[in-house]
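Heads up, entry-v6.pdb below (PDB, C-alpha atoms):
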```pdb
MODEL        1
ATOM      1  CA  MET K 161       0.000   0.000   0.000
ATOM      2  CA  THR K 162       1.314   3.460  -0.920
ATOM      3  CA  ALA K 163       1.895   5.753   2.047
ATOM      4  CA  SER K 164      -0.579   8.624   2.148
ATOM      5  CA  ASN K 165       0.201  12.301   2.158
ATOM      6  CA  ARG K 166      -2.506  14.836   2.996
ATOM      7  CA  GLN K 167      -2.177  18.192   1.291
ATOM      8  CA  ILE K 168      -4.153  21.382   0.785
ATOM      9  CA  VAL K 169      -4.669  22.586  -2.768
ATOM     10  CA  LEU K 170      -5.503  26.113  -3.858
ATOM     11  CA  ASP K 171      -8.680  25.165  -5.692
ATOM     12  CA  SER K 172      -9.326  28.583  -7.246
ATOM     13  CA  ILE K 173      -7.796  32.059  -7.196
ATOM     14  CA  PRO K 174      -9.975  34.423  -5.153
ATOM     15  CA  GLN K 175     -11.326  37.510  -6.913
ATOM     16  CA  GLY K 176     -12.459  39.085  -3.654
ATOM     17  CA  ARG K 177     -12.123  37.983  -0.055
ATOM     18  CA  LEU K 178     -10.374  34.707   0.651
ATOM     19  CA  SER K 179     -12.705  31.993   1.950
ATOM     20  CA  PRO K 180     -12.493  28.270   2.804
ATOM     21  CA  GLU K 181     -14.115  27.443  -0.556
ATOM     22  CA  HIS K 182     -10.908  28.480  -2.310
ATOM     23  CA  PHE K 183      -9.106  25.440  -0.869
ATOM     24  CA  ARG K 184      -9.568  21.699  -0.818
ATOM     25  CA  LEU K 185      -7.976  18.961   1.286
ATOM     26  CA  GLU K 186      -6.897  15.922  -0.687
ATOM     27  CA  ALA K 187      -4.873  12.743  -0.313
ATOM     28  CA  ALA K 188      -1.838  12.111  -2.493
ATOM     29  CA  GLU K 189       1.015   9.639  -2.604
ATOM     30  CA  ARG K 190       3.972  10.265  -0.365
ATOM     31  CA  PRO K 191       6.852  11.291  -2.660
ATOM     32  CA  SER K 192      10.262   9.670  -2.884
ATOM     33  CA  PRO K 193      13.298  11.965  -2.885
ATOM     34  CA  ALA K 194      15.511  12.072  -5.951
ATOM     35  CA  GLU K 195      19.265  12.418  -5.817
ATOM     36  CA  GLY K 196      20.114  15.672  -4.032
ATOM     37  CA  GLU K 197      16.707  15.867  -2.348
ATOM     38  CA  LEU K 198      15.283  15.384   1.130
ATOM     39  CA  LEU K 199      11.998  13.785   2.104
ATOM     40  CA  LEU K 200      10.572  16.113   4.730
ATOM     41  CA  LYS K 201       7.753  15.735   7.221
ATOM     42  CA  ALA K 202       6.150  19.042   8.159
ATOM     43  CA  ARG K 203       6.007  19.750  11.877
ATOM     44  CA  TYR K 204       4.725  23.359  11.840
ATOM     45  CA  ILE K 205       3.488  25.393   8.863
ATOM     46  CA  SER K 206       4.238  29.100   8.927
ATOM     47  CA  LEU K 207       1.333  31.451   8.198
ATOM     48  CA  ASP K 208       1.941  34.982   6.973
ATOM     49  CA  ALA K 209      -0.034  37.679   5.173
ATOM     50  CA  ALA K 210       2.318  37.111   2.238
ATOM     51  CA  ASN K 211       0.539  33.781   1.598
ATOM     52  CA  ARG K 212      -2.424  35.836   0.394
ATOM     53  CA  ALA K 213      -0.281  38.244  -1.641
ATOM     54  CA  TRP K 214       1.135  35.338  -3.662
ATOM     55  CA  MET K 215      -2.356  34.685  -5.024
ATOM     56  CA  GLN K 216      -2.474  38.146  -6.619
ATOM     57  CA  GLY K 217       0.453  37.731  -8.977
ATOM     58  CA  ALA K 218       4.223  37.399  -9.113
ATOM     59  CA  THR K 219       6.125  38.988  -6.233
ATOM     60  CA  TYR K 220       9.568  37.836  -5.134
ATOM     61  CA  ARG K 221       8.243  34.400  -6.089
ATOM     62  CA  SER K 222       6.085  33.113  -8.936
ATOM     63  CA  ALA K 223       2.349  33.718  -8.768
ATOM     64  CA  LEU K 224       0.221  30.872  -7.469
ATOM     65  CA  THR K 225      -2.161  29.104  -9.832
ATOM     66  CA  SER K 226      -5.317  27.160  -9.204
ATOM     67  CA  GLY K 227      -4.871  23.435  -8.735
ATOM     68  CA  GLN K 228      -1.427  23.562  -7.148
ATOM     69  CA  VAL K 229      -0.555  22.701  -3.584
ATOM     70  CA  MET K 230      -0.820  25.891  -1.557
ATOM     71  CA  ALA K 231       2.621  27.421  -1.152
ATOM     72  CA  GLY K 232       4.176  28.085   2.208
ATOM     73  CA  GLY K 233       7.158  27.458   4.402
ATOM     74  CA  ALA K 234       7.338  24.889   7.158
ATOM     75  CA  LEU K 235       9.555  23.774   9.976
ATOM     76  CA  ALA K 236      10.154  20.198   8.902
ATOM     77  CA  GLU K 237      11.995  17.048   9.920
ATOM     78  CA  VAL K 238      14.165  15.039   7.540
ATOM     79  CA  VAL K 239      12.693  11.557   7.050
ATOM     80  CA  GLU K 240      15.013  10.396   4.266
ATOM     81  CA  SER K 241      18.117  12.044   2.860
ATOM     82  CA  ARG K 242      19.664  11.649  -0.559
ATOM     83  CA  ALA K 243      21.919  14.641  -0.082
ATOM     84  CA  PRO K 244      25.222  14.965   1.780
ATOM     85  CA  GLY K 245      25.155  16.804   5.089
ATOM     86  CA  PHE K 246      21.626  15.810   6.114
ATOM     87  CA  SER K 247      20.391  12.838   8.115
ATOM     88  CA  PRO K 248      16.995  11.613   9.323
ATOM     89  CA  GLY K 249      15.881  13.631  12.316
ATOM     90  CA  ASP K 250      17.517  16.870  11.202
ATOM     91  CA  LEU K 251      15.339  19.994  11.282
ATOM     92  CA  VAL K 252      15.112  22.489   8.418
ATOM     93  CA  PHE K 253      12.913  25.357   7.280
ATOM     94  CA  ALA K 254      11.742  24.665   3.743
ATOM     95  CA  ASP K 255       9.294  25.957   1.158
ATOM     96  CA  MET K 256       7.421  22.648   0.930
ATOM     97  CA  GLY K 257       3.825  23.867   0.713
ATOM     98  CA  TRP K 258       0.798  22.949   2.799
ATOM     99  CA  ARG K 259       1.319  19.196   2.972
ATOM    100  CA  GLU K 260       2.402  16.519   5.389
ATOM    101  CA  TYR K 261       5.352  15.255   3.322
ATOM    102  CA  GLY K 262       7.385  16.847   0.571
ATOM    103  CA  ALA K 263      10.493  16.005  -1.450
ATOM    104  CA  VAL K 264      12.578  19.159  -1.829
ATOM    105  CA  PRO K 265      16.093  19.968  -3.062
ATOM    106  CA  ALA K 266      18.629  20.143  -0.251
ATOM    107  CA  LYS K 267      20.494  22.996  -1.940
ATOM    108  CA  GLY K 268      19.974  26.201  -0.011
ATOM    109  CA  LEU K 269      18.672  24.484   3.123
ATOM    110  CA  SER K 270      20.438  24.640   6.472
ATOM    111  CA  LYS K 271      20.118  22.443   9.519
ATOM    112  CA  LEU K 272      18.399  24.136  12.439
ATOM    113  CA  PRO K 273      19.316  23.571  16.083
ATOM    114  CA  ALA K 274      17.014  21.490  18.263
ATOM    115  CA  MET K 275      15.500  23.656  20.986
ATOM    116  CA  GLU K 276      12.555  23.995  23.301
ATOM    117  CA  PRO K 277      10.109  25.249  22.448
ATOM    118  CA  LEU K 278      10.582  24.158  18.854
ATOM    119  CA  THR K 279       8.114  26.822  17.709
ATOM    120  CA  HIS K 280      10.678  29.564  18.417
ATOM    121  CA  LEU K 281      12.425  28.443  15.211
ATOM    122  CA  LEU K 282       9.431  29.812  13.287
ATOM    123  CA  SER K 283       8.813  32.917  15.357
ATOM    124  CA  VAL K 284      11.567  34.894  17.027
ATOM    125  CA  TYR K 285      14.426  32.897  15.453
ATOM    126  CA  GLY K 286      12.651  32.467  12.127
ATOM    127  CA  VAL K 287      11.493  34.757   9.346
ATOM    128  CA  ALA K 288       9.316  36.847  11.681
ATOM    129  CA  GLY K 289      12.096  37.705  14.109
ATOM    130  CA  LEU K 290      14.673  38.330  11.410
ATOM    131  CA  THR K 291      12.255  40.470   9.400
ATOM    132  CA  ALA K 292      11.598  42.615  12.460
ATOM    133  CA  TYR K 293      15.294  42.853  13.309
ATOM    134  CA  PHE K 294      16.604  43.772   9.864
ATOM    135  CA  GLY K 295      13.655  45.900   8.819
ATOM    136  CA  LEU K 296      13.901  48.080  11.901
ATOM    137  CA  LEU K 297      17.649  48.242  12.424
ATOM    138  CA  GLU K 298      18.894  48.203   8.814
ATOM    139  CA  CYS K 299      16.080  50.163   7.134
ATOM    140  CA  GLY K 300      14.600  52.207   9.983
ATOM    141  CA  ARG K 301      17.941  52.927  11.691
ATOM    142  CA  PRO K 302      16.364  54.139  14.963
ATOM    143  CA  LYS K 303      18.283  56.231  17.448
ATOM    144  CA  ALA K 304      17.703  56.344  21.196
ATOM    145  CA  GLY K 305      15.077  58.917  22.077
ATOM    146  CA  GLU K 306      13.347  58.817  18.692
ATOM    147  CA  THR K 307       9.678  57.935  18.212
ATOM    148  CA  VAL K 308       9.072  54.649  16.391
ATOM    149  CA  VAL K 309       5.594  53.695  15.147
ATOM    150  CA  VAL K 310       4.778  50.178  13.952
ATOM    151  CA  SER K 311       1.537  49.010  12.330
ATOM    152  CA  ALA K 312       0.039  45.532  12.826
ATOM    153  CA  ALA K 313       1.842  45.886  16.131
ATOM    154  CA  ALA K 314       0.250  42.817  17.724
ATOM    155  CA  GLY K 315       1.260  40.563  14.836
ATOM    156  CA  SER K 316       4.248  38.285  14.398
ATOM    157  CA  VAL K 317       6.626  40.938  13.059
ATOM    158  CA  GLY K 318       5.157  44.074  14.626
ATOM    159  CA  SER K 319       5.223  42.756  18.184
ATOM    160  CA  ILE K 320       8.961  42.088  17.858
ATOM    161  CA  VAL K 321       9.693  45.376  16.074
ATOM    162  CA  GLY K 322       8.189  47.365  18.925
ATOM    163  CA  GLN K 323      10.134  45.486  21.560
ATOM    164  CA  ILE K 324      13.448  45.881  19.722
ATOM    165  CA  ALA K 325      12.778  49.617  19.364
ATOM    166  CA  ARG K 326      12.133  49.783  23.109
ATOM    167  CA  ILE K 327      15.358  47.885  23.816
ATOM    168  CA  LYS K 328      17.201  50.437  21.656
ATOM    169  CA  GLY K 329      15.901  53.275  23.806
ATOM    170  CA  CYS K 330      13.147  54.569  21.550
ATOM    171  CA  ARG K 331       9.660  55.763  22.363
ATOM    172  CA  VAL K 332       7.377  53.126  20.851
ATOM    173  CA  VAL K 333       3.831  53.512  19.540
ATOM    174  CA  GLY K 334       1.913  50.546  18.152
ATOM    175  CA  VAL K 335      -1.094  50.634  15.842
ATOM    176  CA  ALA K 336      -3.386  47.626  16.295
ATOM    177  CA  GLY K 337      -7.010  46.589  15.947
ATOM    178  CA  GLY K 338      -9.079  46.646  19.133
ATOM    179  CA  ALA K 339      -8.760  47.914  22.674
ATOM    180  CA  GLU K 340      -7.708  44.492  23.974
ATOM    181  CA  LYS K 341      -4.704  44.263  21.680
ATOM    182  CA  CYS K 342      -3.718  47.836  22.465
ATOM    183  CA  ALA K 343      -3.817  47.140  26.198
ATOM    184  CA  TRP K 344      -1.706  44.004  25.679
ATOM    185  CA  LEU K 345       0.942  45.965  23.777
ATOM    186  CA  LYS K 346       1.306  48.449  26.624
ATOM    187  CA  ASP K 347       0.831  46.180  29.627
ATOM    188  CA  GLU K 348       2.724  43.096  28.457
ATOM    189  CA  LEU K 349       5.181  44.206  25.792
ATOM    190  CA  GLY K 350       6.096  47.621  27.165
ATOM    191  CA  PHE K 351       4.936  49.871  24.312
ATOM    192  CA  ASP K 352       4.647  53.505  25.415
ATOM    193  CA  GLU K 353       1.372  54.037  23.559
ATOM    194  CA  ALA K 354      -0.999  52.038  21.387
ATOM    195  CA  VAL K 355      -3.552  53.365  18.904
ATOM    196  CA  ASP K 356      -6.693  51.424  17.963
ATOM    197  CA  TYR K 357      -7.241  51.986  14.242
ATOM    198  CA  LYS K 358     -10.712  50.465  14.511
ATOM    199  CA  ALA K 359     -11.896  53.205  16.882
ATOM    200  CA  GLY K 360     -12.494  55.585  13.973
ATOM    201  CA  ALA K 361     -10.207  58.467  14.946
ATOM    202  CA  LEU K 362      -6.820  57.280  13.743
ATOM    203  CA  ARG K 363      -5.392  60.642  12.740
ATOM    204  CA  GLN K 364      -6.352  62.355  16.002
ATOM    205  CA  GLU K 365      -5.237  59.456  18.214
ATOM    206  CA  LEU K 366      -1.928  59.091  16.392
ATOM    207  CA  LYS K 367      -1.261  62.814  16.765
ATOM    208  CA  ALA K 368      -1.987  62.573  20.490
ATOM    209  CA  ALA K 369       0.289  59.532  20.828
ATOM    210  CA  CYS K 370       3.091  61.188  18.816
ATOM    211  CA  PRO K 371       3.001  64.875  19.733
ATOM    212  CA  GLY K 372       6.556  65.315  18.482
ATOM    213  CA  GLY K 373       5.943  63.521  15.198
ATOM    214  CA  ILE K 374       7.295  60.194  13.926
ATOM    215  CA  ASP K 375      10.974  59.508  13.281
ATOM    216  CA  VAL K 376      10.702  55.877  12.165
ATOM    217  CA  TYR K 377       7.619  54.125  10.801
ATOM    218  CA  PHE K 378       7.628  50.357  10.276
ATOM    219  CA  ASP K 379       4.835  49.642   7.809
ATOM    220  CA  ASN K 380       3.160  46.236   7.671
ATOM    221  CA  VAL K 381      -0.213  47.261   6.259
ATOM    222  CA  GLY K 382      -0.151  50.062   3.688
ATOM    223  CA  GLY K 383      -3.456  51.833   2.993
ATOM    224  CA  ASP K 384      -4.929  54.442   5.316
ATOM    225  CA  ILE K 385      -2.551  53.710   8.196
ATOM    226  CA  PHE K 386       0.465  54.188   5.931
ATOM    227  CA  GLU K 387      -0.941  57.463   4.623
ATOM    228  CA  THR K 388      -1.696  58.761   8.105
ATOM    229  CA  CYS K 389       1.792  57.967   9.364
ATOM    230  CA  LEU K 390       3.443  59.325   6.217
ATOM    231  CA  PHE K 391       2.014  62.784   6.786
ATOM    232  CA  ALA K 392       3.095  62.701  10.459
ATOM    233  CA  MET K 393       6.758  61.983   9.679
ATOM    234  CA  ASN K 394       9.496  64.276  10.921
ATOM    235  CA  THR K 395      12.198  65.711   8.683
ATOM    236  CA  HIS K 396      14.745  63.026   7.788
ATOM    237  CA  GLY K 397      12.298  60.334   8.899
ATOM    238  CA  ARG K 398      12.704  56.737   7.746
ATOM    239  CA  ILE K 399       9.985  54.316   6.662
ATOM    240  CA  ALA K 400      10.657  50.576   6.485
ATOM    241  CA  CYS K 401       8.154  49.073   4.047
ATOM    242  CA  CYS K 402       7.608  45.444   5.040
ATOM    243  CA  GLY K 403       4.101  44.595   3.807
ATOM    244  CA  ALA K 404       0.715  45.852   2.717
ATOM    245  CA  VAL K 405      -1.751  43.448   4.307
ATOM    246  CA  SER K 406      -4.624  45.933   3.994
ATOM    247  CA  GLN K 407      -4.422  45.506   0.207
ATOM    248  CA  TYR K 408      -3.953  41.732   0.008
ATOM    249  CA  ASP K 409      -7.499  40.519   0.630
ATOM    250  CA  GLY K 410     -10.269  42.341  -1.242
ATOM    251  CA  ALA K 411     -10.637  45.284  -3.575
ATOM    252  CA  ALA K 412      -7.664  47.519  -4.325
ATOM    253  CA  PRO K 413      -7.776  51.040  -2.894
ATOM    254  CA  ALA K 414      -9.314  53.734  -5.089
ATOM    255  CA  HIS K 415      -6.169  55.873  -4.868
ATOM    256  CA  GLY K 416      -2.841  56.075  -3.128
ATOM    257  CA  PRO K 417      -1.552  58.841  -0.872
ATOM    258  CA  ARG K 418      -1.673  62.217  -2.625
ATOM    259  CA  GLY K 419       1.016  64.865  -2.482
ATOM    260  CA  VAL K 420       3.653  62.274  -1.679
ATOM    261  CA  PRO K 421       6.521  63.351  -3.997
ATOM    262  CA  GLY K 422       6.599  66.871  -2.595
ATOM    263  CA  LEU K 423       6.327  65.618   0.955
ATOM    264  CA  ILE K 424       9.233  63.205   0.503
ATOM    265  CA  VAL K 425      11.392  65.989  -0.924
ATOM    266  CA  THR K 426      10.573  68.696   1.601
ATOM    267  CA  LYS K 427      10.934  66.391   4.601
ATOM    268  CA  ARG K 428      13.842  64.446   3.050
ATOM    269  CA  LEU K 429      12.205  61.145   3.884
ATOM    270  CA  THR K 430      13.679  57.726   3.186
ATOM    271  CA  LEU K 431      11.300  54.903   2.209
ATOM    272  CA  GLN K 432      12.919  51.489   1.848
ATOM    273  CA  GLY K 433      11.233  48.269   0.839
ATOM    274  CA  PHE K 434      12.934  45.020   1.768
ATOM    275  CA  ILE K 435      12.574  41.288   2.159
ATOM    276  CA  VAL K 436      14.371  39.422   4.879
ATOM    277  CA  SER K 437      16.737  37.519   2.578
ATOM    278  CA  ASP K 438      18.360  40.834   1.590
ATOM    279  CA  PHE K 439      20.269  40.665   4.883
ATOM    280  CA  TYR K 440      20.977  36.952   5.292
ATOM    281  CA  ASP K 441      24.710  37.567   5.269
ATOM    282  CA  LYS K 442      24.173  39.106   8.743
ATOM    283  CA  ARG K 443      21.827  36.387   9.996
ATOM    284  CA  ASP K 444      24.141  34.745  12.530
ATOM    285  CA  ALA K 445      24.846  38.015  14.341
ATOM    286  CA  ALA K 446      21.152  38.897  14.339
ATOM    287  CA  LEU K 447      20.138  35.533  15.784
ATOM    288  CA  ALA K 448      22.764  35.828  18.507
ATOM    289  CA  GLU K 449      21.404  39.219  19.566
ATOM    290  CA  LEU K 450      17.778  38.067  19.424
ATOM    291  CA  LYS K 451      18.686  35.059  21.569
ATOM    292  CA  SER K 452      20.394  37.254  24.150
ATOM    293  CA  TRP K 453      17.287  39.456  24.434
ATOM    294  CA  VAL K 454      14.969  36.469  24.792
ATOM    295  CA  GLU K 455      17.152  34.828  27.436
ATOM    296  CA  SER K 456      17.417  38.069  29.413
ATOM    297  CA  GLY K 457      13.653  38.558  29.340
ATOM    298  CA  GLU K 458      13.906  41.856  27.440
ATOM    299  CA  LEU K 459      12.102  40.341  24.442
ATOM    300  CA  LYS K 460       8.893  38.396  25.006
ATOM    301  CA  VAL K 461       7.809  35.807  22.449
ATOM    302  CA  GLN K 462       4.127  35.476  21.607
ATOM    303  CA  GLU K 463       2.959  32.534  19.493
ATOM    304  CA  ASP K 464      -0.437  31.429  18.214
ATOM    305  CA  VAL K 465      -0.474  27.710  17.379
ATOM    306  CA  ILE K 466      -3.440  26.135  15.561
ATOM    307  CA  GLU K 467      -3.781  22.345  15.582
ATOM    308  CA  GLY K 468      -4.314  20.298  12.413
ATOM    309  CA  LEU K 469      -3.373  20.584   8.733
ATOM    310  CA  GLU K 470      -7.064  20.702   7.798
ATOM    311  CA  ASN K 471      -7.418  23.968   9.736
ATOM    312  CA  THR K 472      -4.705  25.799   7.794
ATOM    313  CA  PRO K 473      -7.062  27.673   5.399
ATOM    314  CA  ALA K 474      -9.234  28.946   8.259
ATOM    315  CA  ALA K 475      -6.109  29.888  10.197
ATOM    316  CA  LEU K 476      -4.817  32.007   7.297
ATOM    317  CA  ILE K 477      -8.195  33.680   6.841
ATOM    318  CA  GLY K 478      -8.268  34.446  10.550
ATOM    319  CA  LEU K 479      -4.795  35.948  10.386
ATOM    320  CA  LEU K 480      -5.906  38.252   7.557
ATOM    321  CA  HIS K 481      -8.796  39.353   9.778
ATOM    322  CA  GLY K 482      -6.425  40.103  12.653
ATOM    323  CA  GLU K 483      -7.339  37.220  14.964
ATOM    324  CA  ASN K 484      -3.813  36.419  16.047
ATOM    325  CA  ARG K 485      -1.383  37.795  18.566
ATOM    326  CA  GLY K 486       2.214  37.119  17.658
ATOM    327  CA  LYS K 487       3.333  34.464  15.206
ATOM    328  CA  ARG K 488       0.546  32.213  13.889
ATOM    329  CA  MET K 489       1.458  28.698  12.768
ATOM    330  CA  VAL K 490      -0.229  25.331  12.291
ATOM    331  CA  LYS K 491       0.939  22.202  14.046
ATOM    332  CA  VAL K 492       0.729  19.445  11.455
ATOM    333  CA  GLY K 493       1.267  16.431  13.664
TER     334      GLY K 493
ENDMDL
END
```
What would you get if you wrote out this structure as structure tokens?
Amino acid sequence: MTASNRQIVLDSIPQGRLSPEHFRLEAAERPSPAEGELLLKARYISLDAANRAWMQGATYRSALTSGQVMAGGALAEVVESRAPGFSPGDLVFADMGWREYGAVPAKGLSKLPAMEPLTHLLSVYGVAGLTAYFGLLECGRPKAGETVVVSAAAGSVGSIVGQIARIKGCRVVGVAGGAEKCAWLKDELGFDEAVDYKAGALRQELKAACPGGIDVYFDNVGGDIFETCLFAMNTHGRIACCGAVSQYDGAAPAHGPRGVPGLIVTKRLTLQGFIVSDFYDKRDAALAELKSWVESGELKVQEDVIEGLENTPAALIGLLHGENRGKRMVKVG
């Protein structure tokens, strides 16, 4: 009997909001690795807003098409190795899609250290933590005493950005959805202020929270929050452009921010887009510093683990609706 392999297929490309009907769970044969490949068993699947962006067209990866296994990265265990340097039981992070087992090329993969909890390899020591670290420190370049604002502040990246800014001696303001999340940012993570964008008075509340303006803005959402922060920037301010989740799921905005070219010139602003792999040559030093902050208690790690491969579509939809605090992932088994 052929060993089974459950997987989730992107059944159709959404034209509006993403829903469970756009996916289907199916059984396939467990693959066999070719020469130079590893057979991997997914332990935890990483969920990110970028999963939705890939459905809209080509980004830093090829666009997704209907009928293919849904793309995504996973913390996985090597079951069988046909590549030098890897053995059964090794842990890797691989782009293997939403499936239980996958055969992937070993080239470009690195063994990960075993640790407890294992989930930290996907959150603070994974893409989320490194994105926060490099985006803030390399693109935002905050200085002690400056005001740093981060959107989606209760999410996987934003919650770490704000804490790193605090560690660096900055005044930190988070933008999040709901009074409960805002209270959590201040009471648990040490943000100086938190603004609830759902309260309907974003511009006024942001001005009250940042009376001296914004020096660094870490943007995860785009849209109205980006525009509001852009016009509150101080001269020589820096904006790290990480994502645009507000534009990933649903209709595109009718227009972008107006008057931007003149504003950028007169205030001498720097806007820098990035993806985390731009800085991988500095990864070891970044991980060492993140680890020191976690071990000292200066950086708190928040994770949101959903059980079961079959719940991955609903978990992604929930993330897009802002259900999660910290890094959301799915435990496969």
Convert the output of the PyMOL selection byres ((chain K and resi 453) around 12) on the shown file into explicit residues, formatted as a ChimeraX atom specification.
/K:284-285,289,293,320,323-324,326-328,446-452,454-461
Generate a file of the selected residues that holds C-alpha atoms, formatted as a JSON list (two decimals), in the coordinates of the input.
```json
[["chain", "number", "residue", "atom", "x", "y", "z"],
["K", 284, "VAL", "CA", 11.57, 34.89, 17.03],
["K", 285, "TYR", "CA", 14.43, 32.90, 15.45],
["K", 289, "GLY", "CA", 12.10, 37.70, 14.11],
["K", 293, "TYR", "CA", 15.29, 42.85, 13.31],
["K", 320, "ILE", "CA", 8.96, 42.09, 17.86],
["K", 323, "GLN", "CA", 10.13, 45.49, 21.56],
["K", 324, "ILE", "CA", 13.45, 45.88, 19.72],
["K", 326, "ARG", "CA", 12.13, 49.78, 23.11],
["K", 327, "ILE", "CA", 15.36, 47.88, 23.82],
["K", 328, "LYS", "CA", 17.20, 50.44, 21.66],
["K", 446, "ALA", "CA", 21.15, 38.90, 14.34],
["K", 447, "LEU", "CA", 20.14, 35.53, 15.78],
["K", 448, "ALA", "CA", 22.76, 35.83, 18.51],
["K", 449, "GLU", "CA", 21.40, 39.22, 19.57],
["K", 450, "LEU", "CA", 17.78, 38.07, 19.42],
["K", 451, "LYS", "CA", 18.69, 35.06, 21.57],
["K", 452, "SER", "CA", 20.39, 37.25, 24.15],
["K", 454, "VAL", "CA", 14.97, 36.47, 24.79],
["K", 455, "GLU", "CA", 17.15, 34.83, 27.44],
["K", 456, "SER", "CA", 17.42, 38.07, 29.41],
["K", 457, "GLY", "CA", 13.65, 38.56, 29.34],
["K", 458, "GLU", "CA", 13.91, 41.86, 27.44],
["K", 459, "LEU", "CA", 12.10, 40.34, 24.44],
["K", 460, "LYS", "CA", 8.89, 38.40, 25.01],
["K", 461, "VAL", "CA", 7.81, 35.81, 22.45]]
```
Apply the PyMOL selection byres ((chain K and resi 165) around 9) to the file shown and report the selected residues as a list of chain:residue names.
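So the PyMOL selection byres ((chain K and resi 165) around 9), applied here, picks out K:Ala163, K:Ser164, K:Arg166, K:Gln167, K:Glu186, K:Ala187, K:Ala188, K:Glu189, K:Arg190, K:Pro191, K:Arg259, K:Glu260, K:Tyr261, K:Gly262.
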May I have the selected residues written with C-alpha atoms, as a short mmCIF file (atom, residue, chain, number, x, y, z; two decimals), in the coordinates of the input?
```
data_model
loop_
_atom_site.label_atom_id
_atom_site.label_comp_id
_atom_site.auth_asym_id
_atom_site.auth_seq_id
_atom_site.Cartn_x
_atom_site.Cartn_y
_atom_site.Cartn_z
CA ALA K 163 1.90 5.75 2.05
CA SER K 164 -0.58 8.62 2.15
CA ARG K 166 -2.51 14.84 3.00
CA GLN K 167 -2.18 18.19 1.29
CA GLU K 186 -6.90 15.92 -0.69
CA ALA K 187 -4.87 12.74 -0.31
CA ALA K 188 -1.84 12.11 -2.49
CA GLU K 189 1.01 9.64 -2.60
CA ARG K 190 3.97 10.26 -0.36
CA PRO K 191 6.85 11.29 -2.66
CA ARG K 259 1.32 19.20 2.97
CA GLU K 260 2.40 16.52 5.39
CA TYR K 261 5.35 15.26 3.32
CA GLY K 262 7.38 16.85 0.57
#
```
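Residues lying within 7 Å of range 469-472 of chain K, counting only C-alpha atoms and ignoring same-chain neighbours fewer than 5 positions away, are Leu185, Val490 and Val492 of chain K.
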Minimum-distance residue to Gly373 in chain K, chosen among K:Gly360, K:Gly397, K:Gly286, K:Pro302 (using only C-alpha atoms):
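Checking each of K:Gly360, K:Gly397, K:Gly286, K:Pro302 against Gly373 in chain K, counting only C-alpha atoms, the winner is K:Gly397.
Relative to CA of Ala266 in chain K, CA of Gly227 in chain K is found at 25.2 Å.
Ranking K:Phe434, K:Trp258, K:Phe386, K:Phe439 by their shortest atom-to-atom distance to Leu362 in chain K, with all atoms listed in the file included, puts K:Phe386 first.
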Apply the PyMOL selection byres ((chain K and resi 338) around 9) to the structure shown and report the selected residues as a PyMOL selection string.
chain K and resi 336-337+339-343+355-359
Measure the distance from CA of Met256 in chain K to CA of Ile168 in chain K in Å and round it to one decimal.
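Those two atoms sit 11.6 Å apart.
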Separation of CA of Ile466 in chain K from CA of Pro248 in chain K, in Å and rounded to one decimal
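For CA of Ile466 in chain K relative to CA of Pro248 in chain K, the distance reads 25.8 Å.
With only C-alpha atoms as the atoms that count, the minimum distance from Arg485 in chain K to the choices K:Ser247, K:Ser270, K:Ser172, K:Ser316 is reached by K:Ser316.
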If we draw a sphere of 9 Å around (6.2, 18.3, 9.1), which residues have at least one atom in it when counting only C-alpha atoms? Please report them as number ranges by chain.
K: 200-205, 234-238, 259-262, 491-493
Which residues, written as a ChimeraX atom specification, have at least one atom at most 7 Å from Phe378 in chain K, with all atoms listed in the file counted and residues fewer than 5 positions away on the same chain left out?
/K:296,309-311,399-401
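Using all atoms listed in the file, the nearest neighbour of Leu178 in chain K within the list K:Val465, K:Val333, K:Leu366, K:Ala209 is K:Ala209.
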Fewer than 4 positions away in the same chain doesn't count, so skip those; otherwise give me all residues within 6 Å of range 380-384 of chain K, counting all atoms listed in the file, as a PyMOL selection string.
chain K and resi 311+402-406
I'd like to know which of K:Ala312, K:Ala474, K:Leu199, K:Ile435 is closest to Val264 in chain K, using all atoms listed in the file.
K:Leu199
Please list as a CSV table (one decimal) with C-alpha atoms, in the frame of the given file every residue within 9 Å of Gly232 in chain K, counting all atoms listed in the file and excluding residues in the same chain fewer than 5 positions away.
```csv
chain,number,residue,atom,x,y,z
K,205,ILE,CA,3.5,25.4,8.9
K,206,SER,CA,4.2,29.1,8.9
K,207,LEU,CA,1.3,31.5,8.2
K,208,ASP,CA,1.9,35.0,7.0
K,211,ASN,CA,0.5,33.8,1.6
K,254,ALA,CA,11.7,24.7,3.7
K,255,ASP,CA,9.3,26.0,1.2
K,256,MET,CA,7.4,22.6,0.9
K,257,GLY,CA,3.8,23.9,0.7
K,258,TRP,CA,0.8,22.9,2.8
```
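Using only C-alpha atoms, the smallest distance between any of K:Asn394, K:Ser437, K:Asn484, K:Ser241 and Thr291 in chain K comes from K:Ser437.
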Polymer residues at most 12 Å from Thr430 in chain K, all atoms listed in the file, same-chain spacing of 3 or more positions, as a VMD selection string
chain K and resid 299 to 301 375 to 378 390 393 to 401 421 423 to 427 433
